[in-house]
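**Student:** My file is data.txt. It has compact mmCIF, C-alpha atoms and all ligand atoms:
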# COMPACT_ATOMS: atom_id res chain seq x y z
CA MET A 183 178.57 355.48 -72.64
CA PHE A 184 179.22 351.99 -71.40
CA SER A 185 179.13 349.52 -74.30
CA ASP A 186 178.57 345.76 -74.41
CA ALA A 187 182.32 345.43 -75.01
CA ASP A 188 182.92 347.48 -71.84
CA ALA A 189 180.56 345.17 -69.96
CA ALA A 190 182.44 342.09 -71.19
CA ALA A 191 185.75 343.66 -70.13
CA LEU A 192 184.26 344.54 -66.75
CA TYR A 193 183.15 340.91 -66.34
CA ASP A 194 186.77 339.78 -66.65
CA LEU A 195 187.91 342.39 -64.17
CA LEU A 196 185.32 341.30 -61.61
CA ASN A 197 185.72 337.57 -62.29
CA PRO A 198 189.35 336.72 -63.03
CA TRP A 199 189.84 333.01 -63.81
CA ASP A 200 192.56 331.83 -61.45
CA PRO A 201 192.87 328.12 -60.54
CA ALA A 202 195.88 328.88 -58.32
CA ARG A 203 193.76 331.03 -56.02
CA GLN A 204 190.14 329.93 -56.47
CA PRO A 205 189.08 326.36 -55.67
CA GLU A 206 186.10 326.57 -58.05
CA ASP A 207 188.42 327.42 -60.95
CA ARG A 208 190.84 324.65 -59.90
CA PHE A 209 187.95 322.14 -59.82
CA TYR A 210 187.15 322.82 -63.49
CA ASP A 211 190.76 323.27 -64.57
CA ASP A 212 191.59 319.75 -63.33
CA LEU A 213 188.64 318.27 -65.25
CA VAL A 214 189.43 320.22 -68.44
CA MET A 215 193.13 319.35 -68.45
CA ALA A 216 192.28 315.64 -68.00
CA ALA A 217 189.76 315.56 -70.89
CA GLU A 218 190.71 315.06 -74.56
CA SER A 219 187.96 317.34 -75.86
CA VAL A 220 185.93 319.99 -74.04
CA LEU A 221 182.77 321.93 -74.86
CA ASP A 222 182.40 324.93 -72.53
CA VAL A 223 178.74 325.96 -72.66
CA GLY A 224 178.09 329.57 -71.66
CA CYS A 225 181.84 330.18 -72.01
CA GLY A 226 181.45 333.97 -71.75
CA THR A 227 184.76 335.69 -72.39
CA GLY A 228 186.50 332.31 -72.64
CA ALA A 229 189.01 332.63 -69.80
CA MET A 230 188.86 328.96 -68.76
CA LEU A 231 189.66 327.63 -72.25
CA HIS A 232 192.25 330.37 -72.86
CA LEU A 233 194.13 329.18 -69.80
CA ALA A 234 193.71 325.49 -70.70
CA ARG A 235 195.43 326.14 -74.04
CA GLU A 236 198.15 328.23 -72.39
CA GLN A 237 198.75 325.34 -69.99
CA GLY A 238 199.33 323.04 -72.95
CA HIS A 239 195.97 321.38 -73.55
CA GLY A 240 196.48 319.80 -76.94
CA GLY A 241 192.95 318.56 -77.70
CA ARG A 242 189.77 320.09 -79.06
CA LEU A 243 188.48 323.08 -77.10
CA VAL A 244 185.17 324.69 -78.07
CA GLY A 245 183.45 327.61 -76.34
CA LEU A 246 179.74 328.27 -76.95
CA ASP A 247 177.89 331.40 -75.82
CA PRO A 248 174.99 333.55 -77.07
CA ASP A 249 176.60 336.84 -76.00
CA ARG A 250 178.45 338.29 -78.99
CA ALA A 251 180.42 340.89 -77.02
CA ALA A 252 181.70 338.21 -74.63
CA LEU A 253 182.62 335.98 -77.57
CA ASP A 254 184.45 338.83 -79.29
CA ARG A 255 186.65 339.00 -76.22
CA ALA A 256 187.07 335.23 -76.24
CA ARG A 257 188.11 335.38 -79.92
CA ARG A 258 191.16 337.44 -79.08
CA GLN A 259 192.73 334.01 -78.65
CA ALA A 260 192.24 332.06 -81.87
CA ASP A 261 193.58 328.65 -80.85
CA VAL A 262 190.17 327.71 -79.43
CA GLU A 263 186.96 327.26 -81.48
CA TRP A 264 184.36 329.88 -80.56
CA VAL A 265 180.71 329.36 -81.47
CA GLU A 266 177.84 331.79 -81.02
CA GLY A 267 174.72 330.14 -79.65
CA THR A 268 172.80 328.97 -76.63
CA ALA A 269 173.24 325.63 -74.87
CA ALA A 270 170.24 324.34 -76.82
CA ASP A 271 172.16 325.09 -80.05
CA ALA A 272 175.04 322.76 -79.11
CA ARG A 273 175.77 320.62 -82.16
CA SER A 274 175.12 316.92 -81.73
CA GLY A 275 178.31 315.16 -82.72
CA ALA A 276 178.37 312.76 -79.77
CA ASP A 277 182.10 313.25 -79.55
CA PHE A 278 183.05 315.50 -76.63
CA ASP A 279 184.55 313.92 -73.52
CA LEU A 280 183.55 316.78 -71.25
CA ALA A 281 181.00 319.58 -71.27
CA THR A 282 181.11 322.33 -68.66
CA MET A 283 178.90 325.21 -67.54
CA THR A 284 180.94 327.29 -65.10
CA SER A 285 180.28 330.31 -62.86
CA HIS A 286 176.59 329.41 -62.46
CA ALA A 287 175.89 329.75 -66.21
CA PHE A 288 173.44 326.84 -65.81
CA GLN A 289 171.17 329.14 -63.79
CA CYS A 290 170.58 331.24 -66.94
CA LEU A 291 168.33 328.37 -68.09
CA VAL A 292 165.11 329.66 -66.61
CA THR A 293 162.16 327.73 -68.06
CA ASP A 294 161.61 323.96 -67.96
CA GLU A 295 161.70 324.05 -71.76
CA GLU A 296 165.12 325.76 -71.79
CA VAL A 297 166.52 323.33 -69.23
CA ARG A 298 165.23 320.32 -71.20
CA ALA A 299 166.37 321.60 -74.61
CA SER A 300 169.79 322.56 -73.24
CA LEU A 301 170.39 319.26 -71.48
CA ALA A 302 169.25 317.33 -74.57
CA ALA A 303 171.70 319.26 -76.76
CA ILE A 304 174.58 318.88 -74.30
CA HIS A 305 173.82 315.17 -74.04
CA GLY A 306 173.90 314.95 -77.84
CA ALA A 307 177.28 316.70 -77.97
CA LEU A 308 178.90 314.24 -75.54
CA ARG A 309 180.17 310.78 -76.37
CA GLN A 310 178.55 307.96 -74.43
CA GLY A 311 180.13 308.03 -70.96
CA GLY A 312 181.17 311.67 -71.40
CA GLN A 313 180.83 314.02 -68.44
CA PHE A 314 178.85 317.20 -67.91
CA ALA A 315 180.22 319.28 -65.00
CA PHE A 316 178.46 322.38 -63.71
CA GLU A 317 177.25 324.09 -60.57
CA THR A 318 174.09 325.84 -59.50
CA ARG A 319 173.59 327.84 -56.29
CA HIS A 320 171.69 325.83 -53.69
CA PRO A 321 168.32 327.55 -53.09
CA GLN A 322 168.55 326.84 -49.33
CA ALA A 323 171.40 329.40 -49.04
CA ARG A 324 169.18 332.16 -50.51
CA ALA A 325 172.19 333.88 -52.09
CA TRP A 326 169.95 336.54 -53.63
CA GLU A 327 169.30 338.03 -50.17
CA GLY A 328 172.87 339.35 -50.26
CA TRP A 329 172.41 341.02 -53.64
CA ARG A 330 171.58 344.51 -52.33
CA PRO A 331 173.38 347.85 -52.17
CA SER A 332 173.19 347.84 -48.35
CA ASN A 333 175.48 344.77 -48.31
CA PRO A 334 179.06 346.12 -48.34
CA ASP A 335 180.31 342.75 -49.64
CA ASP A 336 178.14 343.15 -52.75
CA VAL A 337 179.23 346.69 -53.68
CA VAL A 338 182.48 346.80 -55.64
CA ASP A 339 184.51 349.92 -56.43
CA LEU A 340 187.08 349.52 -59.15
CA VAL A 341 188.87 351.19 -62.04
CA ASP A 342 188.09 349.58 -65.40
CA ASP A 343 190.43 348.96 -68.36
CA ALA A 344 189.59 352.41 -69.76
CA GLY A 345 190.71 354.05 -66.50
CA ARG A 346 187.15 354.82 -65.40
CA ALA A 347 186.31 354.66 -61.69
CA LEU A 348 183.17 352.56 -61.31
CA ARG A 349 180.85 351.32 -58.60
CA VAL A 350 178.98 348.06 -59.28
CA TRP A 351 176.05 346.64 -57.28
CA HIS A 352 172.90 344.48 -57.52
CA GLU A 353 169.23 344.84 -56.60
CA VAL A 354 166.66 342.05 -56.63
CA ASP A 355 163.39 342.91 -58.42
CA SER A 356 161.43 339.73 -57.82
CA VAL A 357 161.54 336.19 -56.50
CA ALA A 358 158.90 334.16 -58.32
CA GLY A 359 158.99 330.49 -57.38
CA ASP A 360 162.56 329.39 -58.05
CA VAL A 361 163.36 332.28 -60.42
CA VAL A 362 165.13 335.36 -59.09
CA THR A 363 165.21 338.49 -61.27
CA PHE A 364 167.71 341.18 -60.40
CA ARG A 365 169.51 344.19 -61.84
CA GLY A 366 173.25 344.71 -61.99
CA SER A 367 174.23 348.39 -62.18
CA ALA A 368 177.47 350.20 -62.95
CA ALA A 369 177.82 353.89 -62.05
CA GLU A 370 180.37 356.67 -61.99
CA PRO A 371 181.59 357.88 -58.57
CA ASP A 372 179.11 360.80 -58.68
CA GLY A 373 176.26 358.29 -58.94
CA THR A 374 175.63 358.69 -62.69
CA VAL A 375 174.38 355.27 -63.75
CA LEU A 376 176.13 354.08 -66.92
CA ARG A 377 174.51 350.74 -67.37
CA VAL A 378 171.81 348.49 -65.92
CA ASP A 379 171.55 344.80 -66.86
CA ARG A 380 168.52 342.74 -65.89
CA VAL A 381 169.08 339.04 -65.32
CA SER A 382 166.85 336.13 -64.28
CA LEU A 383 168.39 333.06 -62.67
CA ARG A 384 166.76 329.80 -61.68
CA PHE A 385 167.53 328.11 -58.36
CA LEU A 386 166.71 324.42 -58.83
CA ASP A 387 166.88 322.14 -55.80
CA VAL A 388 168.67 318.80 -55.91
CA ALA A 389 165.57 316.69 -56.59
CA ALA A 390 164.33 318.89 -59.45
CA LEU A 391 167.82 319.16 -60.95
CA ASN A 392 168.42 315.42 -60.86
CA GLY A 393 164.99 314.78 -62.37
CA PHE A 394 165.89 316.93 -65.39
CA LEU A 395 169.29 315.21 -65.70
CA THR A 396 167.80 311.71 -65.58
CA ASP A 397 165.11 312.61 -68.14
CA ALA A 398 167.84 313.91 -70.49
CA GLY A 399 169.81 310.64 -70.36
CA PHE A 400 172.39 311.51 -67.69
CA GLU A 401 173.25 309.72 -64.48
CA VAL A 402 174.60 311.72 -61.58
CA GLU A 403 178.11 310.45 -61.02
CA ALA A 404 178.97 312.82 -58.18
CA GLN A 405 177.35 315.78 -56.44
CA TYR A 406 179.20 318.05 -54.04
CA GLY A 407 178.25 320.88 -51.70
CA ASP A 408 181.61 322.66 -51.86
CA TRP A 409 184.66 323.00 -54.09
CA HIS A 410 186.70 320.55 -52.03
CA ARG A 411 184.31 317.76 -53.01
CA GLY A 412 182.49 317.65 -49.67
CA PRO A 413 178.94 316.26 -49.59
CA ILE A 414 175.82 318.40 -49.92
CA THR A 415 174.60 319.28 -46.41
CA ASP A 416 171.98 321.63 -44.92
CA ASP A 417 174.60 324.41 -45.04
CA SER A 418 175.76 323.96 -48.62
CA ARG A 419 175.67 327.01 -50.85
CA GLU A 420 176.34 325.12 -54.07
CA ILE A 421 175.13 322.03 -55.89
CA ILE A 422 178.18 320.96 -57.90
CA THR A 423 177.37 318.13 -60.29
CA ILE A 424 179.31 315.75 -62.45
CA ALA A 425 176.77 313.93 -64.62
CA ARG A 426 177.65 311.12 -67.00
CA SER A 427 176.00 310.56 -70.35
CA ARG A 428 174.29 307.13 -70.40
C1 LIG B 501 178.03 334.20 -65.34
S1 LIG B 501 178.47 334.07 -67.02
C2 LIG B 501 179.68 332.77 -66.95
C3 LIG B 501 180.70 332.88 -68.06
C4 LIG B 501 181.83 331.87 -68.01
N1 LIG B 501 181.33 330.51 -68.02
C5 LIG B 501 182.70 332.09 -66.79
O1 LIG B 501 182.94 331.14 -66.03
O2 LIG B 501 183.19 333.20 -66.60
C6 LIG B 501 177.07 333.25 -67.73
C7 LIG B 501 177.16 333.05 -69.21
O3 LIG B 501 176.07 332.25 -69.65
C8 LIG B 501 175.69 332.73 -70.92
N2 LIG B 501 174.31 332.26 -71.22
C9 LIG B 501 173.15 332.88 -70.97
N3 LIG B 501 172.12 332.13 -71.43
C10 LIG B 501 172.67 331.03 -71.99
C11 LIG B 501 172.13 329.88 -72.65
N4 LIG B 501 170.81 329.73 -72.81
N5 LIG B 501 172.98 328.97 -73.12
C12 LIG B 501 174.32 329.11 -72.93
N6 LIG B 501 174.88 330.16 -72.31
C13 LIG B 501 174.06 331.10 -71.85
C14 LIG B 501 175.83 334.21 -70.82
O4 LIG B 501 175.91 334.82 -72.10
C15 LIG B 501 177.10 334.34 -70.01
O5 LIG B 501 178.24 334.44 -70.83
Would it be possible to restate this file's structure as structure tokens?
Ligand SMILES: C[S@@+](CC[C@H](N)C(=O)[O-])C[C@H]1O[C@@H](n2cnc3c(N)ncnc32)[C@H](O)[C@@H]1O
**Tutor:**
Amino acid sequence: MFSDADAAALYDLLNPWDPARQPEDRFYDDLVMAAESVLDVGCGTGAMLHLAREQGHGGRLVGLDPDRAALDRARRQADVEWVEGTAADARSGADFDLATMTSHAFQCLVTDEEVRASLAAIHGALRQGGQFAFETRHPQARAWEGWRPSNPDDVVDLVDDAGRALRVWHEVDSVAGDVVTFRGSAAEPDGTVLRVDRVSLRFLDVAALNGFLTDAGFEVEAQYGDWHRGPITDDSREIITIARSR
């Protein structure tokens, strides 16, 4: 079978954290290395903070995620603090300089209630003037339309850490308002499906996103449409935000 630990390992294989090659990873790496203390919300398997420590970050690094299998992988490196919980569980110490939610983790916050509770907790974890950096896919780009097995760019064949040949793909089940629900599947080469994960993601637009941020006590310091800090335009696929705690 294909366990949760296998799924966490597969995540790392499909999504290597590499600031030297990927501008999105470099964007966050620069912010993290410049901050004294960092709370990575939805840290997953912890690759960003692992690398920050390896690169000599000497301050406080905390990763928070509700997925135990992902955290178990993160914990393989013990020089970072790993905490199991959702964004809304972030402890209010008002002392972090920077909070991050990378790789679209923010889109896992689906209901208004979850968005509000999460932003309130992140705000409470930051010192006054601290930054919250995250990105969410711009709904105008309709990224979910590419999440289908007939899109060759969205079907990945690979060999996992256990030496298993795998095919991975996505299928959208529903688009309800700004919430897209889809399945991610992993199968053996003969088509035997080993695992199906169902995920819902929210696609907030700029106005709705900024409304939530303002209500939670943030001001938007900068908002970009690409990883080279270009403005948001009609073609942007991302809404990349640096919000500052008021
Ligand atoms: C796409 S992964 C990103 C992981 C990691 N940030 C990265 O860059 O590789 C999304 C992560 O968000 C986590 N997540 C889901 N719901 C969450 C919530 N309510 N609060 C915090 N994290 C959540 C998931 O467990 C998952 O690890």
**Student:** Leaving out Leu301 in chain A and any residue of its chain fewer than 6 positions from it, which residues lie within 9 Å of it when counting all atoms listed in the file, given as a list in words?
**Tutor:**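 Residues meeting the cut-off are Ala269, Ala270, Phe394, Leu395, Ala398, Gly399 and Phe400 of chain A.
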**Student:** Separation of CA of Val214 in chain A and CA of Gln322 in chain A, in Å?
**Tutor:**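 Answer for the CA of Val214 in chain A to CA of Gln322 in chain A separation: 29.1 Å.
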**Student:** What's the 9 Å shell around range 339-341 of chain A, counting only C-alpha atoms, without same-chain residues fewer than 2 positions away, as a PyMOL selection string?
**Tutor:** chain A and resi 195-196+337+343-350+371
**Student:** Include C-alpha atoms and write out the residues we just selected as a CSV table (one decimal), keeping the file's coordinate frame.
**Tutor:**
chain,number,residue,atom,x,y,z
A,195,LEU,CA,187.9,342.4,-64.2
A,196,LEU,CA,185.3,341.3,-61.6
A,337,VAL,CA,179.2,346.7,-53.7
A,343,ASP,CA,190.4,349.0,-68.4
A,344,ALA,CA,189.6,352.4,-69.8
A,345,GLY,CA,190.7,354.0,-66.5
A,346,ARG,CA,187.2,354.8,-65.4
A,347,ALA,CA,186.3,354.7,-61.7
A,348,LEU,CA,183.2,352.6,-61.3
A,349,ARG,CA,180.8,351.3,-58.6
A,350,VAL,CA,179.0,348.1,-59.3
A,371,PRO,CA,181.6,357.9,-58.6
**Student:** Would you list the residues that come within 10 Å of ligand LIG 501 (chain B)? Count only C-alpha atoms and all ligand atoms and give the answer as a PyMOL selection string.
**Tutor:** chain A and resi 190+193-194+196-199+206-207+210+222-231+245-253+266-272+282-292+296-297+299-300+316+381-383
**Student:** Keeping only C-alpha atoms, write the selected residues to a file as a PDB file, in the coordinates of the input.
**Tutor:**
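again_18.pdb was written with the following content:
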ATOM      1  CA  ALA A 190     182.440 342.090 -71.190  1.00  0.00           C
ATOM      2  CA  TYR A 193     183.150 340.910 -66.340  1.00  0.00           C
ATOM      3  CA  ASP A 194     186.770 339.780 -66.650  1.00  0.00           C
ATOM      4  CA  LEU A 196     185.320 341.300 -61.610  1.00  0.00           C
ATOM      5  CA  ASN A 197     185.720 337.570 -62.290  1.00  0.00           C
ATOM      6  CA  PRO A 198     189.350 336.720 -63.030  1.00  0.00           C
ATOM      7  CA  TRP A 199     189.840 333.010 -63.810  1.00  0.00           C
ATOM      8  CA  GLU A 206     186.100 326.570 -58.050  1.00  0.00           C
ATOM      9  CA  ASP A 207     188.420 327.420 -60.950  1.00  0.00           C
ATOM     10  CA  TYR A 210     187.150 322.820 -63.490  1.00  0.00           C
ATOM     11  CA  ASP A 222     182.400 324.930 -72.530  1.00  0.00           C
ATOM     12  CA  VAL A 223     178.740 325.960 -72.660  1.00  0.00           C
ATOM     13  CA  GLY A 224     178.090 329.570 -71.660  1.00  0.00           C
ATOM     14  CA  CYS A 225     181.840 330.180 -72.010  1.00  0.00           C
ATOM     15  CA  GLY A 226     181.450 333.970 -71.750  1.00  0.00           C
ATOM     16  CA  THR A 227     184.760 335.690 -72.390  1.00  0.00           C
ATOM     17  CA  GLY A 228     186.500 332.310 -72.640  1.00  0.00           C
ATOM     18  CA  ALA A 229     189.010 332.630 -69.800  1.00  0.00           C
ATOM     19  CA  MET A 230     188.860 328.960 -68.760  1.00  0.00           C
ATOM     20  CA  LEU A 231     189.660 327.630 -72.250  1.00  0.00           C
ATOM     21  CA  GLY A 245     183.450 327.610 -76.340  1.00  0.00           C
ATOM     22  CA  LEU A 246     179.740 328.270 -76.950  1.00  0.00           C
ATOM     23  CA  ASP A 247     177.890 331.400 -75.820  1.00  0.00           C
ATOM     24  CA  PRO A 248     174.990 333.550 -77.070  1.00  0.00           C
ATOM     25  CA  ASP A 249     176.600 336.840 -76.000  1.00  0.00           C
ATOM     26  CA  ARG A 250     178.450 338.290 -78.990  1.00  0.00           C
ATOM     27  CA  ALA A 251     180.420 340.890 -77.020  1.00  0.00           C
ATOM     28  CA  ALA A 252     181.700 338.210 -74.630  1.00  0.00           C
ATOM     29  CA  LEU A 253     182.620 335.980 -77.570  1.00  0.00           C
ATOM     30  CA  GLU A 266     177.840 331.790 -81.020  1.00  0.00           C
ATOM     31  CA  GLY A 267     174.720 330.140 -79.650  1.00  0.00           C
ATOM     32  CA  THR A 268     172.800 328.970 -76.630  1.00  0.00           C
ATOM     33  CA  ALA A 269     173.240 325.630 -74.870  1.00  0.00           C
ATOM     34  CA  ALA A 270     170.240 324.340 -76.820  1.00  0.00           C
ATOM     35  CA  ASP A 271     172.160 325.090 -80.050  1.00  0.00           C
ATOM     36  CA  ALA A 272     175.040 322.760 -79.110  1.00  0.00           C
ATOM     37  CA  THR A 282     181.110 322.330 -68.660  1.00  0.00           C
ATOM     38  CA  MET A 283     178.900 325.210 -67.540  1.00  0.00           C
ATOM     39  CA  THR A 284     180.940 327.290 -65.100  1.00  0.00           C
ATOM     40  CA  SER A 285     180.280 330.310 -62.860  1.00  0.00           C
ATOM     41  CA  HIS A 286     176.590 329.410 -62.460  1.00  0.00           C
ATOM     42  CA  ALA A 287     175.890 329.750 -66.210  1.00  0.00           C
ATOM     43  CA  PHE A 288     173.440 326.840 -65.810  1.00  0.00           C
ATOM     44  CA  GLN A 289     171.170 329.140 -63.790  1.00  0.00           C
ATOM     45  CA  CYS A 290     170.580 331.240 -66.940  1.00  0.00           C
ATOM     46  CA  LEU A 291     168.330 328.370 -68.090  1.00  0.00           C
ATOM     47  CA  VAL A 292     165.110 329.660 -66.610  1.00  0.00           C
ATOM     48  CA  GLU A 296     165.120 325.760 -71.790  1.00  0.00           C
ATOM     49  CA  VAL A 297     166.520 323.330 -69.230  1.00  0.00           C
ATOM     50  CA  ALA A 299     166.370 321.600 -74.610  1.00  0.00           C
ATOM     51  CA  SER A 300     169.790 322.560 -73.240  1.00  0.00           C
ATOM     52  CA  PHE A 316     178.460 322.380 -63.710  1.00  0.00           C
ATOM     53  CA  VAL A 381     169.080 339.040 -65.320  1.00  0.00           C
ATOM     54  CA  SER A 382     166.850 336.130 -64.280  1.00  0.00           C
ATOM     55  CA  LEU A 383     168.390 333.060 -62.670  1.00  0.00           C
TER      56      LEU A 383
END
**Student:** From the options A:Tyr406, A:Trp264, A:Trp351, A:Phe278, which residue's atoms come nearest to Thr318 in chain A, counting only C-alpha atoms?
**Tutor:** A:Tyr406
